[in-house]
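S.K.: What follows is run-v6.cif, mmCIF, C-alpha atoms and all ligand atoms.
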data_query
loop_
_atom_site.label_atom_id
_atom_site.label_comp_id
_atom_site.auth_asym_id
_atom_site.auth_seq_id
_atom_site.Cartn_x
_atom_site.Cartn_y
_atom_site.Cartn_z
CA MET A 273 125.46 84.81 -292.32
CA ASN A 274 128.20 82.18 -291.99
CA LYS A 275 126.39 80.60 -289.08
CA GLU A 276 123.21 80.20 -291.13
CA ARG A 277 125.02 78.48 -293.90
CA GLU A 278 126.65 76.16 -291.39
CA ASN A 279 123.24 75.27 -289.90
CA SER A 280 121.56 74.49 -293.20
CA SER A 281 124.42 72.27 -294.27
CA SER A 282 124.28 70.29 -291.00
CA ILE A 283 120.54 69.72 -291.55
CA ALA A 284 121.31 68.44 -295.03
CA LEU A 285 123.87 66.10 -293.52
CA ALA A 286 121.48 64.82 -290.85
CA LYS A 287 118.89 63.99 -293.47
CA LYS A 288 121.16 61.36 -294.87
CA TYR A 289 121.03 59.50 -291.58
CA LYS A 290 118.32 57.55 -289.85
CA LYS A 291 118.03 57.12 -286.10
CA CYS A 292 117.32 53.74 -284.59
CA ARG A 293 113.99 54.09 -282.76
CA GLU A 294 115.26 52.06 -279.83
CA CYS A 295 118.90 52.96 -279.22
CA GLU A 296 118.83 56.23 -281.21
CA LYS A 297 122.07 55.32 -282.91
CA GLU A 298 122.39 57.20 -286.16
CA SER A 299 123.16 55.25 -289.24
CA LYS A 300 123.47 55.89 -292.91
CA GLU A 301 120.49 55.22 -295.01
CA GLU A 302 122.19 53.33 -297.76
CA GLN A 303 122.30 49.62 -297.33
CA GLY A 304 125.66 48.05 -296.75
CA LYS A 305 127.21 51.19 -295.31
CA GLY A 306 127.17 51.48 -291.52
CA PHE A 307 124.14 49.68 -290.12
CA ALA A 308 121.75 47.93 -292.33
CA ILE A 309 118.37 49.53 -291.90
CA GLU A 310 115.13 47.81 -292.55
CA ASP A 311 112.76 50.58 -293.53
CA ARG A 312 109.87 48.73 -291.99
CA PHE A 313 111.16 49.14 -288.46
CA ASP A 314 113.67 51.93 -288.43
CA MET A 315 115.73 49.70 -286.21
CA CYS A 316 119.43 49.17 -286.38
CA SER A 317 119.33 45.51 -285.44
CA PRO A 318 116.98 42.63 -284.59
CA GLU A 319 117.98 43.10 -280.90
CA CYS A 320 116.81 46.69 -280.95
CA GLU A 321 113.61 45.62 -282.63
CA ARG A 322 112.97 43.12 -279.83
CA LYS A 323 113.79 45.70 -277.15
CA PHE A 324 111.46 48.21 -278.76
CA TYR A 325 108.39 45.99 -278.88
CA ILE A 326 108.89 43.73 -275.89
CA LYS A 327 109.41 45.09 -272.41
CA ASP A 328 109.53 43.75 -268.86
CA LYS A 329 106.58 45.12 -266.94
CA GLU A 330 105.07 44.32 -263.57
CA CYS A 331 101.43 43.32 -263.35
CA GLY A 332 99.75 46.44 -261.92
CA GLU A 333 98.01 44.30 -259.32
CA CYS A 334 100.05 41.21 -258.31
CA LYS A 335 103.45 42.62 -259.38
CA LYS A 336 104.31 39.47 -261.28
CA LEU A 337 106.91 40.22 -263.93
CA LEU A 338 105.47 40.15 -267.42
CA GLN A 339 107.09 40.26 -270.80
CA ILE A 340 104.83 42.47 -272.79
CA ASP A 341 104.88 42.42 -276.54
CA ILE A 342 103.21 45.61 -277.60
CA ARG A 343 102.08 44.02 -280.85
CA GLU A 344 100.09 41.42 -278.94
CA LEU A 345 98.57 44.14 -276.79
CA GLN A 346 97.13 45.85 -279.82
CA SER A 347 95.63 42.64 -281.04
CA GLY A 348 93.72 42.49 -277.73
CA LYS A 349 95.44 39.39 -276.34
CA LEU A 350 96.75 41.27 -273.31
CA GLU A 351 95.05 43.36 -270.61
CA CYS A 352 96.11 46.94 -270.16
CA SER A 353 94.61 49.99 -268.44
CA SER A 354 94.51 51.99 -271.64
CA ILE A 355 94.91 51.14 -275.28
CA SER A 356 96.31 53.90 -277.38
CA ASP A 357 97.94 54.25 -280.75
CA SER A 358 101.31 55.43 -279.65
CA TYR A 359 103.80 52.92 -278.27
CA LYS A 360 105.21 55.49 -275.87
CA SER A 361 101.93 56.05 -274.04
CA HIS A 362 101.35 52.32 -274.08
CA TRP A 363 104.41 51.76 -272.00
CA ASN A 364 103.19 54.35 -269.53
CA SER A 365 99.96 52.52 -268.89
CA THR A 366 99.40 49.77 -266.34
CA PHE A 367 99.56 46.13 -267.44
CA PHE A 368 97.90 43.08 -265.97
CA CYS A 369 98.61 39.40 -266.22
CA ASN A 370 94.91 38.64 -266.65
CA GLU A 371 91.34 39.90 -266.43
CA ILE A 372 91.11 39.01 -262.71
CA CYS A 373 94.08 41.19 -261.76
CA LYS A 374 92.71 43.99 -263.91
CA ASN A 375 89.31 43.85 -262.23
CA ILE A 376 90.79 43.89 -258.72
CA PHE A 377 92.96 46.85 -259.68
CA VAL A 378 90.05 48.78 -261.20
CA LYS A 379 87.91 48.16 -258.12
CA LYS A 380 90.65 49.41 -255.79
CA GLU A 381 91.08 52.50 -257.97
CA SER A 382 87.39 53.31 -257.74
CA ILE A 383 87.51 52.93 -253.94
CA LYS A 384 90.47 55.31 -253.94
CA GLU A 385 88.48 57.76 -256.06
CA ASP A 386 85.58 57.56 -253.60
CA GLU A 387 87.94 58.26 -250.73
CA GLU A 388 89.41 61.23 -252.58
CA TYR A 389 85.88 62.48 -253.27
CA GLN A 390 85.09 62.19 -249.56
CA ILE A 391 88.25 64.09 -248.64
CA ARG A 392 87.42 66.85 -251.13
CA LYS A 393 83.88 67.01 -249.77
CA LYS A 394 85.20 67.25 -246.21
CA GLU A 395 87.44 70.16 -247.24
CA ARG A 396 84.55 71.86 -249.03
CA VAL A 397 82.28 71.48 -245.98
CA HIS A 398 85.02 72.69 -243.67
CA GLY A 399 85.64 75.74 -245.88
CA ARG A 400 81.96 76.66 -246.07
CA ILE A 401 81.50 76.37 -242.31
CA ARG A 402 84.62 78.49 -241.83
CA ASP A 403 83.37 81.15 -244.27
CA LEU A 404 79.70 81.28 -243.28
CA ILE A 405 79.23 80.39 -239.63
CA PRO A 406 80.20 82.92 -236.90
CA GLN A 407 83.29 81.77 -234.98
CA LYS A 408 81.52 81.22 -231.65
CA TYR A 409 78.98 78.85 -233.22
CA LYS A 410 81.32 76.77 -235.39
CA THR A 411 81.66 73.90 -232.92
CA LEU A 412 78.64 74.56 -230.67
CA GLU A 413 75.69 72.29 -231.47
CA THR A 414 72.12 72.67 -230.28
CA ASP A 415 70.64 70.15 -227.86
CA LYS A 416 67.23 70.62 -229.49
CA THR A 417 68.00 67.66 -231.73
CA LYS A 418 64.41 66.49 -232.05
CA ILE A 419 63.19 69.66 -233.72
CA LEU A 420 66.47 69.99 -235.61
CA ASN A 421 66.00 66.61 -237.28
CA GLU A 422 62.41 67.17 -238.27
CA ASN A 423 61.83 67.68 -241.98
CA TYR A 424 60.54 71.17 -242.65
CA ASP A 425 59.24 71.78 -246.12
CA LYS A 426 58.15 75.28 -245.09
CA SER A 427 60.35 78.18 -244.11
CA LEU A 428 60.89 78.74 -240.38
CA PHE A 429 60.36 81.64 -238.04
CA ILE A 430 62.04 81.01 -234.70
CA TRP A 431 61.42 83.52 -231.99
CA GLY A 432 62.10 83.80 -228.29
CA GLY A 433 63.96 85.69 -225.62
CA VAL A 434 67.61 86.66 -225.67
CA GLY A 435 69.81 83.65 -224.90
CA SER A 436 67.11 81.06 -225.55
CA GLY A 437 69.42 79.27 -227.99
CA LYS A 438 68.07 80.53 -231.33
CA THR A 439 71.42 81.23 -232.96
CA VAL A 440 72.92 77.97 -231.69
CA PHE A 441 69.91 76.19 -233.18
CA VAL A 442 69.98 77.82 -236.61
CA THR A 443 73.76 77.53 -236.92
CA SER A 444 73.39 73.79 -236.17
CA MET A 445 70.77 73.67 -238.89
CA ALA A 446 72.96 75.61 -241.34
CA LYS A 447 75.90 73.27 -240.66
CA LYS A 448 73.65 70.29 -241.27
CA TYR A 449 72.70 71.66 -244.69
CA ILE A 450 76.35 72.41 -245.48
CA ARG A 451 77.34 68.84 -244.57
CA ASP A 452 74.61 67.58 -246.90
CA ASP A 453 76.10 69.75 -249.67
CA VAL A 454 73.06 72.05 -249.74
CA ASN A 455 73.92 75.66 -250.53
CA ILE A 456 73.03 78.23 -247.93
CA LEU A 457 73.37 81.96 -247.35
CA TRP A 458 73.97 83.12 -243.82
CA TYR A 459 73.33 86.66 -242.60
CA SER A 460 73.15 88.21 -239.23
CA PHE A 461 70.40 90.69 -240.04
CA PRO A 462 71.93 93.66 -238.15
CA ALA A 463 75.28 93.03 -239.88
CA LEU A 464 73.52 92.87 -243.24
CA ILE A 465 71.84 96.22 -242.61
CA MET A 466 75.21 97.71 -241.73
CA LYS A 467 76.67 96.35 -244.94
CA LEU A 468 73.81 97.86 -246.95
CA GLN A 469 74.16 101.22 -245.25
CA LYS A 470 77.87 101.19 -245.99
CA ALA A 471 77.16 100.46 -249.66
CA PHE A 472 74.68 103.35 -249.64
CA ASN A 473 77.32 105.75 -248.33
CA SER A 474 80.47 104.60 -250.14
CA GLY A 475 79.36 104.24 -253.79
CA GLU A 476 81.95 101.55 -254.54
CA THR A 477 81.97 99.75 -257.87
CA ASP A 478 81.88 96.01 -258.37
CA PHE A 479 85.28 94.69 -259.44
CA ASN A 480 83.75 92.16 -261.86
CA THR A 481 80.88 94.04 -263.47
CA GLY A 482 82.15 97.60 -263.16
CA LYS A 483 78.69 98.58 -261.95
CA LYS A 484 78.09 100.61 -258.82
CA ILE A 485 77.41 98.54 -255.72
CA THR A 486 74.02 99.62 -254.41
CA PRO A 487 72.15 98.45 -251.31
CA TYR A 488 69.36 97.44 -253.67
CA GLY A 489 71.76 95.29 -255.71
CA ILE A 490 73.00 93.47 -252.62
CA ALA A 491 69.51 92.97 -251.24
CA GLU A 492 68.27 91.73 -254.62
CA LYS A 493 70.93 89.02 -254.75
CA ILE A 494 69.91 87.82 -251.31
CA ALA A 495 66.18 88.10 -251.94
CA LEU A 496 66.26 86.15 -255.20
CA SER A 497 68.86 83.54 -254.23
CA GLU A 498 67.73 79.93 -254.57
CA LYS A 499 70.02 79.04 -251.68
CA ILE A 500 68.46 78.52 -248.27
CA LEU A 501 68.61 81.94 -246.63
CA PHE A 502 69.31 82.28 -242.93
CA LEU A 503 68.48 85.66 -241.40
CA ASP A 504 69.56 85.69 -237.79
CA ASP A 505 68.24 88.30 -235.34
CA LEU A 506 65.69 90.08 -237.50
CA GLY A 507 64.62 93.29 -235.81
CA ALA A 508 67.56 93.58 -233.42
CA GLU A 509 68.73 96.82 -235.03
CA LYS A 510 67.17 100.26 -234.90
CA ILE A 511 64.08 100.07 -237.11
CA THR A 512 64.56 102.96 -239.51
CA GLU A 513 62.57 103.43 -242.73
CA PHE A 514 65.55 102.03 -244.61
CA VAL A 515 65.60 98.88 -242.47
CA LYS A 516 61.85 98.40 -242.89
CA GLN A 517 62.12 98.75 -246.67
CA ILE A 518 64.94 96.21 -246.94
CA MET A 519 63.16 93.80 -244.62
CA TYR A 520 59.93 94.05 -246.56
CA TYR A 521 61.65 93.73 -249.93
CA ILE A 522 63.57 90.55 -249.00
CA ILE A 523 60.67 88.87 -247.17
CA ASN A 524 58.15 89.76 -249.87
CA GLU A 525 60.31 88.39 -252.71
CA ARG A 526 61.05 85.18 -250.86
CA GLU A 527 57.43 84.65 -249.93
CA GLN A 528 56.23 85.18 -253.49
CA ARG A 529 58.91 82.93 -254.97
CA GLU A 530 58.53 80.31 -252.21
CA LEU A 531 62.26 80.40 -251.45
CA LYS A 532 63.21 78.67 -248.22
CA THR A 533 64.11 81.15 -245.51
CA ILE A 534 65.05 80.55 -241.87
CA ILE A 535 64.50 83.58 -239.67
CA THR A 536 65.21 84.14 -235.99
CA SER A 537 64.01 87.10 -233.97
CA ASN A 538 63.48 88.34 -230.43
CA PHE A 539 60.17 89.68 -231.73
CA SER A 540 57.01 87.64 -232.00
CA LEU A 541 54.88 88.00 -235.12
CA ALA A 542 52.52 90.19 -233.06
CA ASP A 543 55.49 92.39 -232.10
CA ILE A 544 56.54 92.70 -235.74
CA ASP A 545 52.94 93.49 -236.68
CA ARG A 546 52.68 96.29 -234.11
CA GLN A 547 56.25 97.62 -233.99
CA ILE A 548 57.66 97.09 -237.47
CA ASP A 549 55.25 96.52 -240.34
CA PRO A 550 52.10 94.39 -240.55
CA ARG A 551 52.90 93.54 -244.18
CA ILE A 552 56.14 91.90 -243.01
CA SER A 553 54.55 89.90 -240.19
CA SER A 554 51.74 88.66 -242.41
CA ARG A 555 54.15 87.43 -245.09
CA ILE A 556 56.39 85.71 -242.54
CA GLY A 557 53.28 84.15 -240.97
CA GLY A 558 52.17 82.91 -244.38
CA MET A 559 55.41 81.33 -245.47
CA CYS A 560 56.83 80.06 -242.18
CA LYS A 561 56.26 77.41 -239.59
CA VAL A 562 56.58 79.30 -236.29
CA LEU A 563 58.74 77.85 -233.49
CA LYS A 564 58.83 79.50 -230.08
CA PHE A 565 61.95 79.08 -227.98
CA SER A 566 61.42 79.69 -224.30
CA GLY A 567 63.52 79.32 -221.20
CA LYS A 568 65.84 81.56 -219.32
CA ASP A 569 68.91 83.17 -220.84
CA ARG A 570 71.45 80.38 -221.27
CA ARG A 571 74.27 82.89 -221.58
CA ILE A 572 73.95 83.62 -217.86
CA GLU A 573 73.36 80.02 -216.84
CA GLY A 574 75.45 78.41 -214.12
N1 LIG B 1 72.68 73.56 -227.01
C1 LIG B 1 73.49 74.36 -226.34
N2 LIG B 1 74.58 73.84 -225.76
C2 LIG B 1 75.40 74.63 -225.09
N3 LIG B 1 75.22 75.93 -224.91
C3 LIG B 1 74.16 76.49 -225.45
C4 LIG B 1 73.23 75.74 -226.20
N4 LIG B 1 72.26 76.57 -226.62
C5 LIG B 1 72.61 77.77 -226.14
N5 LIG B 1 73.72 77.73 -225.44
C6 LIG B 1 74.37 78.83 -224.75
O1 LIG B 1 73.48 79.88 -224.67
C7 LIG B 1 74.02 81.02 -225.24
C8 LIG B 1 72.95 81.75 -225.99
O2 LIG B 1 72.53 81.01 -227.10
P1 LIG B 1 72.20 81.74 -228.46
O3 LIG B 1 71.81 80.72 -229.43
O4 LIG B 1 73.30 82.65 -228.85
O5 LIG B 1 70.91 82.57 -228.00
P2 LIG B 1 69.98 83.53 -228.84
O6 LIG B 1 70.44 83.55 -230.22
O7 LIG B 1 68.60 82.98 -228.67
O8 LIG B 1 70.07 84.88 -228.17
C9 LIG B 1 75.13 80.56 -226.15
O9 LIG B 1 76.18 81.50 -226.19
C10 LIG B 1 75.58 79.31 -225.51
O10 LIG B 1 76.63 79.58 -224.62
MG MG B 2 71.23 85.10 -231.45
ZN ZN B 3 119.41 50.31 -282.17
ZN ZN B 4 98.60 39.86 -261.86
#
Just give me the structure of the file as structure tokens.
M.R.:
Amino acid sequence: MNKERENSSSIALAKKYKKCRECEKESKEEQGKGFAIEDRFDMCSPECERKFYIKDKECGECKKLLQIDIRELQSGKLECSSISDSYKSHWNSTFFCNEICKNIFVKKESIKEDEEYQIRKKERVHGRIRDLIPQKYKTLETDKTKILNENYDKSLFIWGGVGSGKTVFVTSMAKKYIRDDVNILWYSFPALIMKLQKAFNSGETDFNTGKKITPYGIAEKIALSEKILFLDDLGAEKITEFVKQIMYYIINEREQRELKTIITSNFSLADIDRQIDPRISSRIGGMCKVLKFSGKDRRIEG
């Protein structure tokens, strides 16, 4: 109770005083007592008034010492990186002796911004390669550069024997898209099937949506994704009914929606037709340019 009374009386006391905006010296409001205060400025003296409005600043570009009068700045006679209403933020901005210095400074800043953008892009690319591309293929690049650099508007079906360099080729292609800031999805098909089977057995729920994670849900996301879909090693797993269904569902959706898909397989289209499902081979054949990789197994080279 006593404390409260003390506080309110000290506020009442403070109200009788004004603070100089420059030196913060308190002074009585009444003229003639203590400092004389000009209401216009809230300053205790002409010196403080000068100090408040005029400051020594370096030119942001050539570092020449400038005496800046903030009042001139607001009238547009001086160059400054930002004009604002408050004096405080004015002093925080960058000043220039003239238009030329300002332009040089602005140009350098934009170069710096470009460099920062490039650094951020590099980090983004690096992160995506780290997250998407299998370890072994992160630094390996295909020597089939001619077909790599061709422009394919169609999807691709790349088939050939084990070790003919299919995965090296498609990972090179995926990395190229990533470096060009194109979004991709990468799946080793057998690993994807394992993931779907696991979802089938576990019945986990999605942390974000609270819905049950189903193999259909996962497959749907992949099938409908606008990102370029890489499916490596289609048909390498045991072809169960479940695998056939998933394969057909994804391929069929992507064919109908004309979504770019890059597939590799040890199977030819004729093999898929005979051994897996003719509906799958015909859709792949319709949507894809077919590339055959031949040659002996490069894993056992040398
Ligand atoms: N361009 C290449 N440069 C160096 N090594 C390669 C290249 N292409 C393939 N290889 C080697 O051949 C192996 C098999 O290639 P990979 O792409 O995995 O074959 P596939 O996927 O067709 O079975 C790789 O592990 C790699 O050692
Ligand atoms: Mg492979
Ligand atoms: Zn003062
Ligand atoms: Zn200058």
S.K.: Give the residue list for ligand ZN 4 (chain B) at 7 Å, counting all atoms listed in the file, as a list in words, sorted by chain and then by residue number.
M.R.: Cys331, Gly332, Glu333, Cys334, Lys335, Lys336, Phe368, Cys369, Asn370 and Cys373 of chain A
S.K.: Select the residues contacting ligand MG 2 (chain B) at a distance of at most 6 Å, based on all atoms listed in the file, then format the selection as a compact mmCIF listing (two decimals) with C-alpha atoms, keeping the file's coordinate frame.
M.R.:
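The new file out.txt reads:
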# COMPACT_ATOMS: atom_id res chain seq x y z
CA LYS A 438 68.07 80.53 -231.33
CA THR A 439 71.42 81.23 -232.96
CA ASP A 505 68.24 88.30 -235.34
S.K.: Separation of atom CA of Asp425 of chain A and atom CA of Lys561 of chain A, in Å?
M.R.: 9.1 Å
S.K.: Can you work out which residues are within 6 Å of ligand LIG 1 (chain B), considering only C-alpha atoms and all ligand atoms, and then hand them over as a PyMOL selection string?
M.R.: chain A and resi 413-415+434-440+570-571
S.K.: Please measure the separation of atom CA of Ile511 of chain A and atom CA of Gln547 of chain A, giving the value in Å to one decimal.
M.R.: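 Atom-to-atom, atom CA of Ile511 of chain A and atom CA of Gln547 of chain A are spaced 8.8 Å apart.
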S.K.: Would you kindly return, as number ranges by chain, each protein, DNA or RNA residue with an atom no farther than 9 Å from any atom of Leu428 of chain A, considering only C-alpha atoms and excluding same-chain residues fewer than 2 positions away?
M.R.: A: 424, 426, 430, 532-536, 556, 559-563
S.K.: List every protein, DNA or RNA residue with an atom no more than 12 Å from (65.9, 83.9, -256.3) in the file's coordinates, counting all atoms listed in the file, and format the result as number ranges by chain.
M.R.: A: 457, 491-501, 522-533
S.K.: Collect all residues with atoms no farther than 9 Å from ligand ZN 3 (chain B), counting all atoms listed in the file, and output them as a list of chain:residue names.
M.R.: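 For ligand ZN 3 (chain B), the residues inside 9 Å are A:Lys291, A:Cys292, A:Arg293, A:Glu294, A:Cys295, A:Glu296, A:Lys297, A:Glu298, A:Asp314, A:Met315, A:Cys316, A:Ser317, A:Pro318, A:Glu319, A:Cys320, A:Glu321, A:Lys323, A:Phe324.
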S.K.: Nearest to Val378 of chain A: which of A:Leu503, A:Asn538, A:Asp543, A:Thr366 is it, counting all atoms listed in the file?
M.R.: A:Thr366
S.K.: Please identify all polymer residues within 12 Å of Asp452 of chain A, counting all atoms listed in the file, omitting same-chain residues fewer than 3 positions from it, and present them as a PyMOL selection string.
M.R.: chain A and resi 393-394+396-397+400+445-449+455-456
S.K.: Could you work out how far atom CA of Lys467 of chain A lies from atom CA of Lys484 of chain A, giving the answer in Å with one decimal?
M.R.: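 Straight-line distance from atom CA of Lys484 of chain A to atom CA of Lys467 of chain A works out to 14.6 Å.
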S.K.: Of the candidates A:Thr443, A:Ser553, A:Ser382, A:Thr411, which one gets nearest to Ser460 of chain A if we count only C-alpha atoms?
M.R.: A:Thr443
S.K.: Extract, using only C-alpha atoms, all DNA, RNA and protein residues at most 12 Å from Gly507 of chain A, discarding same-chain residues fewer than 2 positions from it, and format them as a PyMOL selection string.
M.R.: chain A and resi 431+460-465+503-505+509-512+515-516+518-520+535-541+543-545+547-549+552-553
S.K.: Kindly provide, as a count of residues only, the polymer residues lying within 12 Å of (79.9, 97.8, -256.1), counting all atoms listed in the file and using the coordinates exactly as they appear in the file.
M.R.: 23
S.K.: I'd like to know which of A:Ile342, A:Gly432, A:Arg555, A:Leu506 is closest to Lys568 of chain A, using only C-alpha atoms.
M.R.: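 The closest residue to Lys568 of chain A is A:Gly432.
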S.K.: Have a look at A:Tyr325, A:Trp458, A:Asp453, A:Met466 and name the one nearest to Gln390 of chain A; count all atoms listed in the file.
M.R.: A:Asp453
S.K.: Out of A:Ser444, A:Lys374, A:Trp363, A:Ala542, which residue has the shortest atom-to-atom distance to Tyr409 of chain A when counting all atoms listed in the file?
M.R.: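 Smallest separation from Tyr409 of chain A among the options: A:Ser444.
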S.K.: Could you get me a file of segment 488-559 of chain A with C-alpha atoms, as a PDB file, in the first residue's frame, taken from the block above?
M.R.:
ATOM      1  CA  TYR A 488      -2.761 -46.390 -51.392  1.00  0.00           C
ATOM      2  CA  GLY A 489      -2.211 -42.947 -49.844  1.00  0.00           C
ATOM      3  CA  ILE A 490       1.544 -43.117 -50.403  1.00  0.00           C
ATOM      4  CA  ALA A 491       1.171 -44.415 -53.947  1.00  0.00           C
ATOM      5  CA  GLU A 492      -1.406 -41.730 -54.741  1.00  0.00           C
ATOM      6  CA  LYS A 493       0.967 -38.945 -53.701  1.00  0.00           C
ATOM      7  CA  ILE A 494       3.638 -40.356 -55.986  1.00  0.00           C
ATOM      8  CA  ALA A 495       1.283 -41.089 -58.865  1.00  0.00           C
ATOM      9  CA  LEU A 496      -0.264 -37.618 -58.891  1.00  0.00           C
ATOM     10  CA  SER A 497       2.867 -35.595 -58.143  1.00  0.00           C
ATOM     11  CA  GLU A 498       3.711 -32.911 -60.692  1.00  0.00           C
ATOM     12  CA  LYS A 499       7.382 -33.421 -59.882  1.00  0.00           C
ATOM     13  CA  ILE A 500       9.472 -35.459 -62.294  1.00  0.00           C
ATOM     14  CA  LEU A 501       9.235 -39.013 -60.989  1.00  0.00           C
ATOM     15  CA  PHE A 502      12.220 -41.340 -61.152  1.00  0.00           C
ATOM     16  CA  LEU A 503      11.455 -45.030 -60.672  1.00  0.00           C
ATOM     17  CA  ASP A 504      14.691 -46.972 -60.636  1.00  0.00           C
ATOM     18  CA  ASP A 505      14.745 -50.745 -61.146  1.00  0.00           C
ATOM     19  CA  LEU A 506      11.107 -51.413 -61.958  1.00  0.00           C
ATOM     20  CA  GLY A 507      10.431 -55.126 -61.788  1.00  0.00           C
ATOM     21  CA  ALA A 508      13.493 -56.087 -59.750  1.00  0.00           C
ATOM     22  CA  GLU A 509      11.360 -57.296 -56.846  1.00  0.00           C
ATOM     23  CA  LYS A 510       9.164 -60.370 -56.605  1.00  0.00           C
ATOM     24  CA  ILE A 511       6.125 -59.637 -58.772  1.00  0.00           C
ATOM     25  CA  THR A 512       3.220 -60.274 -56.417  1.00  0.00           C
ATOM     26  CA  GLU A 513      -0.365 -59.162 -57.087  1.00  0.00           C
ATOM     27  CA  PHE A 514       0.241 -56.248 -54.745  1.00  0.00           C
ATOM     28  CA  VAL A 515       3.315 -55.129 -56.695  1.00  0.00           C
ATOM     29  CA  LYS A 516       1.447 -55.415 -60.003  1.00  0.00           C
ATOM     30  CA  GLN A 517      -1.446 -53.340 -58.666  1.00  0.00           C
ATOM     31  CA  ILE A 518       0.818 -50.567 -57.386  1.00  0.00           C
ATOM     32  CA  MET A 519       2.841 -50.559 -60.599  1.00  0.00           C
ATOM     33  CA  TYR A 520      -0.271 -50.357 -62.743  1.00  0.00           C
ATOM     34  CA  TYR A 521      -1.866 -47.667 -60.598  1.00  0.00           C
ATOM     35  CA  ILE A 522       1.179 -45.351 -60.674  1.00  0.00           C
ATOM     36  CA  ILE A 523       1.965 -45.866 -64.375  1.00  0.00           C
ATOM     37  CA  ASN A 524      -1.668 -45.524 -65.429  1.00  0.00           C
ATOM     38  CA  GLU A 525      -2.191 -42.249 -63.526  1.00  0.00           C
ATOM     39  CA  ARG A 526       1.012 -40.742 -64.853  1.00  0.00           C
ATOM     40  CA  GLU A 527       0.259 -41.775 -68.400  1.00  0.00           C
ATOM     41  CA  GLN A 528      -3.246 -40.319 -68.292  1.00  0.00           C
ATOM     42  CA  ARG A 529      -2.090 -37.072 -66.690  1.00  0.00           C
ATOM     43  CA  GLU A 530       1.007 -36.831 -68.923  1.00  0.00           C
ATOM     44  CA  LEU A 531       3.296 -36.465 -65.904  1.00  0.00           C
ATOM     45  CA  LYS A 532       6.980 -36.863 -66.701  1.00  0.00           C
ATOM     46  CA  THR A 533       8.326 -40.167 -65.457  1.00  0.00           C
ATOM     47  CA  ILE A 534      11.802 -41.679 -65.848  1.00  0.00           C
ATOM     48  CA  ILE A 535      11.837 -45.450 -65.448  1.00  0.00           C
ATOM     49  CA  THR A 536      14.711 -47.915 -65.494  1.00  0.00           C
ATOM     50  CA  SER A 537      14.345 -51.680 -65.641  1.00  0.00           C
ATOM     51  CA  ASN A 538      16.220 -54.884 -66.396  1.00  0.00           C
ATOM     52  CA  PHE A 539      13.070 -55.907 -68.260  1.00  0.00           C
ATOM     53  CA  SER A 540      12.306 -54.955 -71.831  1.00  0.00           C
ATOM     54  CA  LEU A 541       8.770 -53.859 -72.694  1.00  0.00           C
ATOM     55  CA  ALA A 542       8.235 -57.335 -74.188  1.00  0.00           C
ATOM     56  CA  ASP A 543       9.363 -58.876 -70.882  1.00  0.00           C
ATOM     57  CA  ILE A 544       6.962 -56.664 -68.943  1.00  0.00           C
ATOM     58  CA  ASP A 545       4.196 -57.573 -71.402  1.00  0.00           C
ATOM     59  CA  ARG A 546       4.757 -61.306 -70.953  1.00  0.00           C
ATOM     60  CA  GLN A 547       5.920 -61.540 -67.338  1.00  0.00           C
ATOM     61  CA  ILE A 548       4.187 -58.695 -65.517  1.00  0.00           C
ATOM     62  CA  ASP A 549       1.138 -57.113 -67.115  1.00  0.00           C
ATOM     63  CA  PRO A 550       0.457 -56.122 -70.736  1.00  0.00           C
ATOM     64  CA  ARG A 551      -1.526 -53.091 -69.549  1.00  0.00           C
ATOM     65  CA  ILE A 552       1.621 -51.771 -67.849  1.00  0.00           C
ATOM     66  CA  SER A 553       3.916 -52.330 -70.836  1.00  0.00           C
ATOM     67  CA  SER A 554       1.473 -50.722 -73.243  1.00  0.00           C
ATOM     68  CA  ARG A 555       1.129 -47.593 -71.104  1.00  0.00           C
ATOM     69  CA  ILE A 556       4.895 -47.286 -70.637  1.00  0.00           C
ATOM     70  CA  GLY A 557       5.328 -47.788 -74.389  1.00  0.00           C
ATOM     71  CA  GLY A 558       2.783 -45.058 -75.066  1.00  0.00           C
ATOM     72  CA  MET A 559       4.188 -42.422 -72.773  1.00  0.00           C
TER      73      MET A 559
END
